[in-house]
Amino acid sequence: MIALPRLHLLLLILGSASLCLRAQETVRIGEFASLTGKEAAFGQSSHKGTVLAIEKLNAGGGLLGRKVELFTEDNQSKPGESTTAVRKLISRNKIVALLGEVASSRSLEAAPIAQGAHIPMVSPSSTNPEVTQRGPYIFRVCFIDPFQGAVLAKFAFNSLHAHRVGVLSSVSSAYSVGLAKYFAEPYVAAGGVIAIAQKYSEGDKDFKAQLTAIRAAGVDAIFVPGYYTEAALIAKQARELGLTIPLFGGDGWEAPQLLEIGGTAVEGCYYSTHYSPEDPAPLVQQFVQAFQARWGGEMPDAMAALGYDSALMLADAIKRAGSTDGARIRDALAATKGFAGVTGTTSMDADRNASKAAVIVVIKDGRFQFLESVAP
Ligand code: PHE
């Protein structure tokens with residue numbers, strides 16, 4: 001009986017001590033990205049966009065009266081490493097929310113960990129539909145591949161007048177497997193013929209056998225739903241085999257390395273993506289300016305823009321939640337309506353996906369040029 005008042009006093013002291021501590025705490029946000037390795041261009045870009053957003057938030061006073069602190073882990077573009085990275089961010093860095101990943105396979109790998117820990121996760125640019133199906137704590141700020149596939153099918157059939165195509169996709173990337181399928185359905189429904197479908201694995205360097213088979217099939221264009229490293233090599237080897245037809249792909253093509261590795265082989269090729277820095281909209285141009293000022297004149301690509309948008313959309317949700325509690329942030333993210341970002345306006349649908357316009361880019365005179373925008 002006598003111990004009770006003492007216990008109260010102790011709790012009171014502990015309580016006020018933790019209040020003082022909390023006043024100085026930061027809002028801890030985690031990011032996992034491929035900063036090195038095969039898809040380093042993806043991670044570097046989205047990271048730069050994310051950093052710019054966090055700096056902008058802090059310049060404006062932070063979040064909930066606290067500074068925002070970004071903890072970044074590199075997964076080296078390697079399978080298995082995202083799991084380690086995200087576990088560390090959650091248990092060691094005590095993050096309240098997670099940003100990442102660009103690539104769908106790596107988002108799929110990490111999502112169950114975030115979901116299990118009830119840490120809201122926002123992927124900037126993973127477009128495979130399964131990513132957000134991993135649980136109610138998993139969100140994205142980009143469109144999904146059933147839309148991107150339909151955009152590409154329509155573009156190939158109507159604009160390229162390619163009525164017979166060959167497909168060369170990766171078996172070891174969830175993104176590539178999905179995009180090949182989501183292209184084929186609407187393309188065939190429109191009357192297109194997939195004359196031949198060939199496969200490769202991530203990291204392959206020699207595509208001559210597949211391309212020889214595609215050449216023999218007599219197609220109007222080649223669809224390569226993969227990432228830039230392989231896409232550039234495929235284009236080069238296609239030209240070496242005498243194939244002059246256009247190649248086209250999805251957002252995975254977007255990296256300066258596509259031009260560096262592909263050279264003249266990628267001239268007259270096309271891909272779909274999320275945004276164009278040539279868009280005259282004030283929000284886009286302000287972002288391009290701020291990004292270039294921060295990162296030595298570098299032109300922000302789609303991953304940079306989506307990295308920026310993912311961080312600001314998360315911040316908007318934390319503000320509306322008025323709390324860093326995982327469940328509250330999750331509910332606020334799910335309630336996102338009309339969030340104005342650089343890559344368009346985001347409203348979360350019931351499956352925690354965003355529905356946004358796509359952009360078609362043509363490679364001309366050694367650079368990426370905006371061709372058209374396709375509404376959802
Ligand atoms: N959408 C790709 C994926 O899901 C990743 C990506 C996004 C690549 C944006 C380039 C630009 O794997």
# chains A, B, ... in the order shown; residues from 1 in each chain; ligands from 1
$ residues_near_ligand --ligand "ligand 1" --cutoff "9 Å" --atoms "only C-alpha atoms and all ligand atoms" --output "PyMOL selection string"
chain A and resi 42+46+101-107+124-129+131+142-145+173-176+226-228+250-255+273-274+301-304+306
$ residues_around --residues "Ala217 (chain A)" --least-positions-apart "4" --cutoff "7 Å" --atoms "only C-alpha atoms" --output "number ranges by chain"
A: 195-196, 213
$ residues_around --residues "region 291-296 of chain A" --least-positions-apart "3" --cutoff "10 Å" --atoms "only C-alpha atoms" --output "VMD selection string"
chain A and resid 48 to 49 51 to 53 285 to 288 299 to 300 304 to 305 308
$ write_last_selection --atoms "N, CA, C and O atoms" --output "compact mmCIF listing (two decimals), in the first residue's frame"
# COMPACT_ATOMS: atom_id res chain seq x y z
N LYS A 48 18.38 11.23 -54.56
CA LYS A 48 18.58 12.68 -54.70
C LYS A 48 17.25 13.43 -54.62
O LYS A 48 17.16 14.50 -54.01
N GLY A 49 16.21 12.87 -55.21
CA GLY A 49 14.89 13.49 -55.13
C GLY A 49 14.37 13.48 -53.70
O GLY A 49 13.81 14.47 -53.21
N VAL A 51 16.17 13.32 -50.88
CA VAL A 51 16.96 14.25 -50.05
C VAL A 51 16.48 15.68 -50.26
O VAL A 51 16.30 16.44 -49.31
N LEU A 52 16.24 16.04 -51.52
CA LEU A 52 15.75 17.39 -51.82
C LEU A 52 14.43 17.66 -51.08
O LEU A 52 14.24 18.74 -50.50
N ALA A 53 13.55 16.68 -51.08
CA ALA A 53 12.25 16.84 -50.40
C ALA A 53 12.43 16.99 -48.89
O ALA A 53 11.80 17.84 -48.26
N GLN A 285 8.63 22.76 -63.37
CA GLN A 285 9.78 23.62 -63.64
C GLN A 285 10.46 24.10 -62.36
O GLN A 285 11.69 24.19 -62.30
N GLN A 286 9.67 24.37 -61.30
CA GLN A 286 10.27 24.76 -60.02
C GLN A 286 11.10 23.61 -59.46
O GLN A 286 12.19 23.81 -58.91
N PHE A 287 10.57 22.39 -59.60
CA PHE A 287 11.30 21.21 -59.12
C PHE A 287 12.59 21.02 -59.90
O PHE A 287 13.65 20.80 -59.31
N VAL A 288 12.53 21.14 -61.22
CA VAL A 288 13.72 20.97 -62.06
C VAL A 288 14.80 21.97 -61.64
O VAL A 288 15.97 21.61 -61.46
N MET A 299 19.98 16.91 -64.53
CA MET A 299 18.57 16.95 -64.92
C MET A 299 17.82 15.82 -64.20
O MET A 299 18.21 14.67 -64.29
N PRO A 300 16.76 16.14 -63.44
CA PRO A 300 16.06 15.08 -62.71
C PRO A 300 15.24 14.18 -63.64
O PRO A 300 14.49 14.68 -64.47
N ALA A 304 13.90 10.49 -59.85
CA ALA A 304 14.16 11.64 -58.98
C ALA A 304 12.84 12.33 -58.63
O ALA A 304 12.58 12.66 -57.47
N ALA A 305 11.99 12.49 -59.64
CA ALA A 305 10.69 13.16 -59.42
C ALA A 305 9.80 12.32 -58.51
O ALA A 305 9.14 12.83 -57.60
N TYR A 308 11.06 12.35 -54.87
CA TYR A 308 10.65 13.63 -54.28
C TYR A 308 9.16 13.57 -53.88
O TYR A 308 8.80 13.88 -52.74
$ residues_around --residues "region 97-100 of chain A" --least-positions-apart "3" --cutoff "6 Å" --atoms "only C-alpha atoms" --output "list of chain:residue names"
A:Ile29, A:Gly30, A:Glu31, A:Phe32, A:Ile119, A:Pro120, A:Met121, A:Val122, A:Ser123
$ select_by_dssp --residues "region 3-202 of chain A" --states "helix (DSSP H, G or I)" --output "PyMOL selection string"
chain A and resi 3-24+40-59+81-91+104-117+129-134+145-159+174-189
$ atom_distance --atom1 "CA of Ile54 (chain A)" --atom2 "CA of Ala332 (chain A)"
18.9 Å
$ atom_distance --atom1 "CA of Ser276 (chain A)" --atom2 "CA of Val374 (chain A)"
12.2 Å
$ closest_residue --among "A:Val177, A:Leu258, A:Ala162, A:Val193" --to "Glu39 (chain A)" --atoms "only C-alpha atoms"
A:Leu258
$ closest_residue --among "A:Ala231, A:Val86, A:Ala153, A:Leu259" --to "Phe207 (chain A)" --atoms "only C-alpha atoms"
A:Ala231
$ residues_around --residues "region 241-249 of chain A" --least-positions-apart "2" --cutoff "10 Å" --atoms "only C-alpha atoms" --output "short mmCIF file (atom, residue, chain, number, x, y, z; two decimals) with N, CA, C and O atoms, in the first residue's frame"
data_model
loop_
_atom_site.label_atom_id
_atom_site.label_comp_id
_atom_site.auth_asym_id
_atom_site.auth_seq_id
_atom_site.Cartn_x
_atom_site.Cartn_y
_atom_site.Cartn_z
N GLY A 149 1.22 -1.16 -69.39
CA GLY A 149 1.17 -2.15 -70.47
C GLY A 149 0.15 -1.76 -71.52
O GLY A 149 0.41 -1.86 -72.73
N LEU A 152 1.46 1.13 -73.63
CA LEU A 152 2.46 0.67 -74.60
C LEU A 152 1.81 -0.13 -75.74
O LEU A 152 2.24 -0.02 -76.90
N PHE A 155 0.21 2.37 -78.01
CA PHE A 155 1.24 3.12 -78.72
C PHE A 155 1.86 2.27 -79.84
O PHE A 155 2.02 2.73 -80.97
N ALA A 156 2.19 1.02 -79.53
CA ALA A 156 2.83 0.15 -80.52
C ALA A 156 1.89 -0.08 -81.71
O ALA A 156 2.28 0.04 -82.86
N LEU A 160 3.12 3.32 -83.68
CA LEU A 160 4.25 2.69 -84.39
C LEU A 160 3.77 1.85 -85.57
O LEU A 160 4.58 1.42 -86.38
N ALA A 162 3.00 -1.09 -85.42
CA ALA A 162 3.64 -2.41 -85.27
C ALA A 162 2.52 -3.40 -84.95
O ALA A 162 2.00 -3.41 -83.83
N VAL A 165 4.81 -8.12 -83.22
CA VAL A 165 6.02 -7.81 -82.44
C VAL A 165 6.68 -9.06 -81.86
O VAL A 165 6.04 -10.12 -81.72
N GLY A 166 7.94 -8.91 -81.49
CA GLY A 166 8.64 -9.91 -80.71
C GLY A 166 8.81 -9.34 -79.30
O GLY A 166 8.94 -8.13 -79.14
N VAL A 167 8.77 -10.21 -78.29
CA VAL A 167 8.94 -9.74 -76.91
C VAL A 167 10.18 -10.43 -76.33
O VAL A 167 10.37 -11.64 -76.48
N LEU A 168 11.02 -9.63 -75.68
CA LEU A 168 12.21 -10.17 -75.02
C LEU A 168 12.20 -9.68 -73.57
O LEU A 168 12.48 -8.51 -73.30
N SER A 169 11.83 -10.58 -72.65
CA SER A 169 11.64 -10.16 -71.26
C SER A 169 12.52 -10.96 -70.31
O SER A 169 12.99 -12.05 -70.64
N SER A 176 9.53 -7.16 -65.05
CA SER A 176 9.58 -7.57 -66.45
C SER A 176 8.52 -8.63 -66.76
O SER A 176 7.81 -8.54 -67.77
N LEU A 179 5.12 -6.78 -66.73
CA LEU A 179 4.88 -5.84 -67.83
C LEU A 179 4.70 -6.57 -69.17
O LEU A 179 3.89 -6.16 -70.00
N ALA A 180 5.43 -7.69 -69.35
CA ALA A 180 5.26 -8.48 -70.58
C ALA A 180 3.81 -8.96 -70.68
O ALA A 180 3.17 -8.88 -71.73
N LYS A 208 22.26 -12.70 -78.39
CA LYS A 208 22.29 -12.97 -79.83
C LYS A 208 21.35 -14.11 -80.23
O LYS A 208 20.69 -14.04 -81.27
N LEU A 211 17.81 -12.87 -80.18
CA LEU A 211 17.58 -11.88 -81.24
C LEU A 211 17.60 -12.53 -82.62
O LEU A 211 16.89 -12.08 -83.53
N THR A 212 18.39 -13.57 -82.78
CA THR A 212 18.41 -14.30 -84.06
C THR A 212 17.04 -14.95 -84.29
O THR A 212 16.50 -14.90 -85.40
N ILE A 214 14.24 -13.89 -83.03
CA ILE A 214 13.28 -12.80 -83.28
C ILE A 214 13.41 -12.31 -84.72
O ILE A 214 12.40 -12.08 -85.40
N ARG A 215 14.64 -12.23 -85.20
CA ARG A 215 14.86 -11.79 -86.58
C ARG A 215 14.16 -12.74 -87.56
O ARG A 215 13.50 -12.32 -88.51
N GLY A 218 10.32 -12.34 -88.26
CA GLY A 218 9.83 -11.24 -89.10
C GLY A 218 8.82 -10.35 -88.38
O GLY A 218 7.62 -10.43 -88.62
N VAL A 219 9.33 -9.49 -87.48
CA VAL A 219 8.43 -8.62 -86.70
C VAL A 219 8.64 -7.15 -87.06
O VAL A 219 9.66 -6.78 -87.63
N ASP A 220 7.66 -6.31 -86.67
CA ASP A 220 7.73 -4.87 -86.96
C ASP A 220 8.47 -4.10 -85.88
O ASP A 220 8.92 -2.97 -86.09
N ALA A 221 8.52 -4.65 -84.67
CA ALA A 221 9.17 -3.98 -83.54
C ALA A 221 9.46 -5.02 -82.46
O ALA A 221 8.90 -6.12 -82.49
N ILE A 222 10.35 -4.65 -81.53
CA ILE A 222 10.68 -5.57 -80.43
C ILE A 222 10.37 -4.87 -79.10
O ILE A 222 10.84 -3.76 -78.84
N PHE A 223 9.57 -5.55 -78.28
CA PHE A 223 9.23 -5.02 -76.96
C PHE A 223 10.19 -5.62 -75.94
O PHE A 223 10.29 -6.84 -75.82
N VAL A 224 10.88 -4.74 -75.19
CA VAL A 224 11.84 -5.19 -74.18
C VAL A 224 11.42 -4.62 -72.81
O VAL A 224 11.86 -3.53 -72.42
N PRO A 225 10.56 -5.32 -72.09
CA PRO A 225 10.15 -4.83 -70.77
C PRO A 225 11.21 -5.20 -69.74
O PRO A 225 11.08 -6.22 -69.05
N GLY A 226 12.25 -4.40 -69.64
CA GLY A 226 13.34 -4.71 -68.71
C GLY A 226 13.99 -3.45 -68.22
O GLY A 226 13.45 -2.35 -68.39
N TYR A 227 15.16 -3.59 -67.61
CA TYR A 227 15.91 -2.44 -67.11
C TYR A 227 16.98 -2.01 -68.11
O TYR A 227 17.36 -2.76 -69.00
N TYR A 228 17.46 -0.78 -67.90
CA TYR A 228 18.32 -0.14 -68.90
C TYR A 228 19.59 -0.89 -69.28
O TYR A 228 20.00 -0.86 -70.43
N ALA A 231 18.53 -3.62 -71.64
CA ALA A 231 17.85 -3.03 -72.81
C ALA A 231 18.87 -2.40 -73.77
O ALA A 231 18.77 -2.57 -74.98
N ILE A 234 20.78 -5.16 -75.56
CA ILE A 234 19.88 -5.81 -76.52
C ILE A 234 19.78 -4.96 -77.79
O ILE A 234 19.88 -5.48 -78.90
N ALA A 235 19.64 -3.65 -77.63
CA ALA A 235 19.54 -2.76 -78.79
C ALA A 235 20.82 -2.84 -79.62
O ALA A 235 20.78 -2.95 -80.85
N LYS A 236 21.96 -2.81 -78.94
CA LYS A 236 23.25 -2.87 -79.66
C LYS A 236 23.38 -4.16 -80.46
O LYS A 236 23.76 -4.15 -81.63
N GLN A 237 23.06 -5.27 -79.80
CA GLN A 237 23.23 -6.57 -80.47
C GLN A 237 22.20 -6.76 -81.58
O GLN A 237 22.49 -7.42 -82.59
N ALA A 238 21.01 -6.15 -81.42
CA ALA A 238 20.00 -6.22 -82.48
C ALA A 238 20.55 -5.54 -83.74
O ALA A 238 20.44 -6.08 -84.85
N ARG A 239 21.17 -4.38 -83.55
CA ARG A 239 21.73 -3.64 -84.70
C ARG A 239 22.86 -4.45 -85.34
O ARG A 239 22.99 -4.49 -86.56
N ASP A 251 9.21 2.02 -68.18
CA ASP A 251 9.97 2.97 -67.35
C ASP A 251 11.36 2.46 -66.95
O ASP A 251 12.23 3.26 -66.64
N GLY A 252 11.55 1.14 -66.97
CA GLY A 252 12.84 0.56 -66.61
C GLY A 252 13.98 0.97 -67.53
O GLY A 252 15.15 0.77 -67.22
N TRP A 253 13.63 1.57 -68.66
CA TRP A 253 14.67 2.03 -69.60
C TRP A 253 15.28 3.35 -69.17
O TRP A 253 16.32 3.75 -69.67
N GLU A 254 14.61 4.05 -68.27
CA GLU A 254 15.01 5.44 -68.02
C GLU A 254 16.25 5.56 -67.15
O GLU A 254 16.20 5.43 -65.94
N ALA A 265 22.54 2.79 -81.27
CA ALA A 265 21.62 1.65 -81.39
C ALA A 265 20.24 1.95 -80.82
O ALA A 265 19.25 1.35 -81.24
N VAL A 266 20.15 2.90 -79.88
CA VAL A 266 18.84 3.19 -79.28
C VAL A 266 18.12 4.37 -79.96
O VAL A 266 17.01 4.72 -79.58
N GLU A 267 18.76 4.95 -80.97
CA GLU A 267 18.09 6.02 -81.74
C GLU A 267 16.79 5.46 -82.34
O GLU A 267 16.78 4.34 -82.86
N GLY A 268 15.73 6.25 -82.28
CA GLY A 268 14.47 5.79 -82.86
C GLY A 268 13.77 4.73 -82.03
O GLY A 268 12.88 4.05 -82.52
N CYS A 269 14.19 4.60 -80.77
CA CYS A 269 13.50 3.68 -79.85
C CYS A 269 12.63 4.50 -78.90
O CYS A 269 12.79 5.72 -78.79
N TYR A 270 11.72 3.83 -78.22
CA TYR A 270 10.71 4.52 -77.40
C TYR A 270 10.56 3.85 -76.05
O TYR A 270 10.77 2.64 -75.93
N TYR A 271 10.16 4.63 -75.05
CA TYR A 271 9.74 4.00 -73.78
C TYR A 271 8.69 4.87 -73.09
O TYR A 271 8.55 6.06 -73.39
N SER A 272 7.97 4.24 -72.20
CA SER A 272 6.96 4.97 -71.41
C SER A 272 7.55 5.25 -70.04
O SER A 272 8.34 4.46 -69.52
N THR A 273 7.16 6.38 -69.46
CA THR A 273 7.64 6.71 -68.11
C THR A 273 6.63 7.60 -67.38
O THR A 273 5.48 7.71 -67.82
N ILE A 360 5.25 9.24 -73.06
CA ILE A 360 6.05 8.46 -74.02
C ILE A 360 7.25 9.31 -74.43
O ILE A 360 7.10 10.49 -74.76
N VAL A 361 8.42 8.68 -74.39
CA VAL A 361 9.67 9.35 -74.72
C VAL A 361 10.26 8.69 -75.96
O VAL A 361 10.21 7.46 -76.09
N VAL A 362 10.82 9.49 -76.86
CA VAL A 362 11.53 8.95 -78.01
C VAL A 362 13.01 9.30 -77.86
O VAL A 362 13.34 10.36 -77.32
#
$ atom_distance --atom1 "CA of Glu230 (chain A)" --atom2 "CA of Ala311 (chain A)"
29.4 Å
$ select_by_dssp --residues "region 220-316 of chain A" --states "strand (DSSP E)" --output "list of chain:residue names"
A:Ala221, A:Ile222, A:Phe223, A:Leu247, A:Phe248, A:Gly249, A:Tyr270, A:Tyr271, A:Ser272, A:Thr273
$ write_last_selection --atoms "N, CA and C atoms" --output "PDB file, in the first residue's frame"
ATOM      1  N   ALA A 221       8.523  -4.654 -84.672  1.00  0.00           N
ATOM      2  CA  ALA A 221       9.173  -3.978 -83.538  1.00  0.00           C
ATOM      3  C   ALA A 221       9.459  -5.021 -82.463  1.00  0.00           C
ATOM      4  N   ILE A 222      10.351  -4.650 -81.534  1.00  0.00           N
ATOM      5  CA  ILE A 222      10.684  -5.567 -80.425  1.00  0.00           C
ATOM      6  C   ILE A 222      10.369  -4.875 -79.101  1.00  0.00           C
ATOM      7  N   PHE A 223       9.574  -5.551 -78.282  1.00  0.00           N
ATOM      8  CA  PHE A 223       9.230  -5.017 -76.961  1.00  0.00           C
ATOM      9  C   PHE A 223      10.188  -5.619 -75.936  1.00  0.00           C
ATOM     10  N   LEU A 247      12.899  -0.638 -81.178  1.00  0.00           N
ATOM     11  CA  LEU A 247      12.709  -1.383 -79.927  1.00  0.00           C
ATOM     12  C   LEU A 247      11.948  -0.435 -79.000  1.00  0.00           C
ATOM     13  N   PHE A 248      11.153  -0.977 -78.110  1.00  0.00           N
ATOM     14  CA  PHE A 248      10.476  -0.113 -77.146  1.00  0.00           C
ATOM     15  C   PHE A 248      10.352  -0.829 -75.810  1.00  0.00           C
ATOM     16  N   GLY A 249      10.230  -0.024 -74.746  1.00  0.00           N
ATOM     17  CA  GLY A 249      10.182  -0.586 -73.404  1.00  0.00           C
ATOM     18  C   GLY A 249       9.359   0.271 -72.463  1.00  0.00           C
ATOM     19  N   TYR A 270      11.718   3.831 -78.225  1.00  0.00           N
ATOM     20  CA  TYR A 270      10.714   4.523 -77.401  1.00  0.00           C
ATOM     21  C   TYR A 270      10.565   3.848 -76.046  1.00  0.00           C
ATOM     22  N   TYR A 271      10.162   4.631 -75.046  1.00  0.00           N
ATOM     23  CA  TYR A 271       9.740   4.004 -73.785  1.00  0.00           C
ATOM     24  C   TYR A 271       8.688   4.867 -73.094  1.00  0.00           C
ATOM     25  N   SER A 272       7.968   4.237 -72.199  1.00  0.00           N
ATOM     26  CA  SER A 272       6.963   4.967 -71.411  1.00  0.00           C
ATOM     27  C   SER A 272       7.553   5.248 -70.037  1.00  0.00           C
ATOM     28  N   THR A 273       7.159   6.385 -69.459  1.00  0.00           N
ATOM     29  CA  THR A 273       7.643   6.712 -68.113  1.00  0.00           C
ATOM     30  C   THR A 273       6.631   7.599 -67.383  1.00  0.00           C
TER      31      THR A 273
END
$ residues_around --residues "region 323-325 of chain A" --least-positions-apart "4" --cutoff "8 Å" --atoms "only C-alpha atoms" --output "MDAnalysis selection string"
chainID A and resid 27 64 96 318:319 329
$ write_last_selection --atoms "N, CA and C atoms" --output "PDB file, in the first residue's frame"
ATOM      1  N   VAL A  27      11.747  13.329 -36.532  1.00  0.00           N
ATOM      2  CA  VAL A  27      10.857  12.378 -37.193  1.00  0.00           C
ATOM      3  C   VAL A  27      11.742  11.519 -38.082  1.00  0.00           C
ATOM      4  N   LEU A  64       5.470  18.267 -37.597  1.00  0.00           N
ATOM      5  CA  LEU A  64       4.941  18.202 -36.227  1.00  0.00           C
ATOM      6  C   LEU A  64       5.876  18.936 -35.268  1.00  0.00           C
ATOM      7  N   VAL A  96       9.835   5.678 -38.465  1.00  0.00           N
ATOM      8  CA  VAL A  96       8.378   5.628 -38.301  1.00  0.00           C
ATOM      9  C   VAL A  96       7.676   5.331 -39.630  1.00  0.00           C
ATOM     10  N   ILE A 318       1.775  12.440 -42.646  1.00  0.00           N
ATOM     11  CA  ILE A 318       2.202  12.550 -41.240  1.00  0.00           C
ATOM     12  C   ILE A 318       1.602  13.813 -40.616  1.00  0.00           C
ATOM     13  N   LYS A 319       1.577  14.891 -41.400  1.00  0.00           N
ATOM     14  CA  LYS A 319       0.971  16.146 -40.919  1.00  0.00           C
ATOM     15  C   LYS A 319      -0.502  15.937 -40.610  1.00  0.00           C
ATOM     16  N   ILE A 329      -0.446   7.052 -39.366  1.00  0.00           N
ATOM     17  CA  ILE A 329       0.150   7.461 -40.651  1.00  0.00           C
ATOM     18  C   ILE A 329      -0.480   6.634 -41.771  1.00  0.00           C
TER      19      ILE A 329
END
